[in-house]
Each structure stands twice: as C-alpha cells, then as structure tokens.
Amino acid sequence: MLAITIVAIANTALALPVTIQRVEVNDDVIDVNAANRIDFERDGELEVEVRLSASQYIDDVEIEAFISGYEYNDDKEVRLSESTPLFDMEANVEYVKRLSFQLPDDVDTDDYKLRIIVS
C-alpha cells in the first residue's frame, strides 16, 4: 500500500470565472479544506474526476492534475501528471472531466500532494 496525502487548495493568482464543484480521486470525494489520506497500490492507476462550472463563457480551458513531491518528476517520461484536451465552457453548465495516470512501482510510501490547475 502506498499512502498519499491528497491536499487540494482553492487558490488562484488570476482568477478565472470557474468554480470547482467537486474533486474525486478513485471515487473518494476530496475535501479541499483538509488533508485527505488515501491509500494506493504501487503500479496502480490514479483516477481524478473534476466537476466544474463557469459563470461566463470561456474558450480553450485546460485542466492539469499532477502529483508534487515525487522525486523523479524532473524526468518528463515518468512525471506523474495528466491534462485534458482544450475545451470550451458555457456559462452555468457543469462539466465533468476525468484524468488518469499510472503510479510507478518505485513510488515511496510518503505524503504527496495532488495539484489541480484550471487554465
């Protein structure tokens, strides 16, 4: 078992008119105001579901999810991240986007952070 602490922080420098309604990791709902401890199998898949809406029309939106703190993240071939293709958002419509990536078998038992960027 691999213990990963999932921390989501709702904070932006230049705020988009987007609200993240809910984030799930492997079907577990994440509390954005707390550290969430979730156990994963090494060499398993991490599935992230993001539900979001916009208060106005936005074109060319992209979501990136990545794990920070993994010691080999500087190697682009093993980086623990995934991003969506570009998509447009209509005002007041909820969108569900799913991202997934494989956890390598050399991930140490440790606390990591899941970062979600909407740009």
# chains A, B, ... in the order shown; residues from 1 in each chain; ligands from 1
$ residues_around --residues "segment 47-56 of chain A" --least-positions-apart "2" --cutoff "12 Å" --atoms "only C-alpha atoms" --output "JSON, numbers by chain"
{"A": [6, 8, 15, 16, 17, 18, 19, 20, 21, 22, 23, 24, 25, 26, 27, 28, 29, 30, 40, 44, 45, 58, 59, 61, 62, 63, 64, 65, 66, 67, 80, 81, 82, 83, 84, 88, 89, 90, 91, 92, 93, 94, 95, 96, 97, 98, 99, 100, 101, 102, 103, 114, 115, 116, 117, 118]}
$ atom_distance --atom1 "atom CA of Leu86 of chain A" --atom2 "atom CA of Ser119 of chain A"
9.7 Å
$ select_by_dssp --residues "segment 43-118 of chain A" --states "strand (DSSP E)" --output "PyMOL selection string"
chain A and resi 45-54+58-61+63-68+81-83+87-89+94-102+113-118
$ write_last_selection --atoms "C-alpha atoms" --output "PDB file, in the first residue's frame"
ATOM      1  CA  GLU A  45      -3.837   3.827 -11.677  1.00  0.00           C
ATOM      2  CA  LEU A  46      -4.853   7.139 -10.152  1.00  0.00           C
ATOM      3  CA  GLU A  47      -8.202   8.373 -11.470  1.00  0.00           C
ATOM      4  CA  VAL A  48      -9.158  12.006 -10.865  1.00  0.00           C
ATOM      5  CA  GLU A  49     -12.627  13.370 -11.599  1.00  0.00           C
ATOM      6  CA  VAL A  50     -13.130  17.144 -11.573  1.00  0.00           C
ATOM      7  CA  ARG A  51     -16.605  18.737 -11.651  1.00  0.00           C
ATOM      8  CA  LEU A  52     -16.559  22.414 -12.503  1.00  0.00           C
ATOM      9  CA  SER A  53     -18.683  25.223 -13.876  1.00  0.00           C
ATOM     10  CA  ALA A  54     -18.094  28.739 -15.185  1.00  0.00           C
ATOM     11  CA  ILE A  58     -14.619  30.659 -21.566  1.00  0.00           C
ATOM     12  CA  ASP A  59     -12.813  29.155 -24.533  1.00  0.00           C
ATOM     13  CA  ASP A  60      -9.698  26.961 -24.577  1.00  0.00           C
ATOM     14  CA  VAL A  61      -9.871  25.700 -20.990  1.00  0.00           C
ATOM     15  CA  ILE A  63      -7.189  21.062 -16.633  1.00  0.00           C
ATOM     16  CA  GLU A  64      -3.938  19.575 -15.400  1.00  0.00           C
ATOM     17  CA  ALA A  65      -3.641  17.185 -12.454  1.00  0.00           C
ATOM     18  CA  PHE A  66      -0.249  16.227 -11.088  1.00  0.00           C
ATOM     19  CA  ILE A  67       1.402  14.784  -8.015  1.00  0.00           C
ATOM     20  CA  SER A  68       4.066  17.008  -6.477  1.00  0.00           C
ATOM     21  CA  SER A  81       0.599  14.145 -14.411  1.00  0.00           C
ATOM     22  CA  GLU A  82      -2.203  14.255 -16.931  1.00  0.00           C
ATOM     23  CA  SER A  83      -4.068  17.040 -18.697  1.00  0.00           C
ATOM     24  CA  PHE A  87     -12.410  22.571 -24.276  1.00  0.00           C
ATOM     25  CA  ASP A  88     -14.860  25.475 -24.136  1.00  0.00           C
ATOM     26  CA  MET A  89     -17.132  26.159 -21.161  1.00  0.00           C
ATOM     27  CA  GLU A  94     -21.457  21.744 -15.006  1.00  0.00           C
ATOM     28  CA  TYR A  95     -18.647  19.848 -16.726  1.00  0.00           C
ATOM     29  CA  VAL A  96     -17.126  16.567 -15.593  1.00  0.00           C
ATOM     30  CA  LYS A  97     -13.563  15.872 -16.682  1.00  0.00           C
ATOM     31  CA  ARG A  98     -11.677  12.669 -15.934  1.00  0.00           C
ATOM     32  CA  LEU A  99      -7.920  12.355 -15.855  1.00  0.00           C
ATOM     33  CA  SER A 100      -5.856   9.299 -15.012  1.00  0.00           C
ATOM     34  CA  PHE A 101      -2.225   8.345 -14.791  1.00  0.00           C
ATOM     35  CA  GLN A 102      -0.215   5.332 -13.766  1.00  0.00           C
ATOM     36  CA  LYS A 113       0.114  16.460  -2.958  1.00  0.00           C
ATOM     37  CA  LEU A 114      -2.341  16.289  -5.825  1.00  0.00           C
ATOM     38  CA  ARG A 115      -2.401  19.629  -7.623  1.00  0.00           C
ATOM     39  CA  ILE A 116      -5.193  20.623  -9.980  1.00  0.00           C
ATOM     40  CA  ILE A 117      -4.724  23.594 -12.279  1.00  0.00           C
ATOM     41  CA  VAL A 118      -7.510  25.056 -14.394  1.00  0.00           C
TER      42      VAL A 118
END
$ atom_distance --atom1 "atom CA of Asn33 of chain A" --atom2 "atom CA of Asp111 of chain A"
16.6 Å
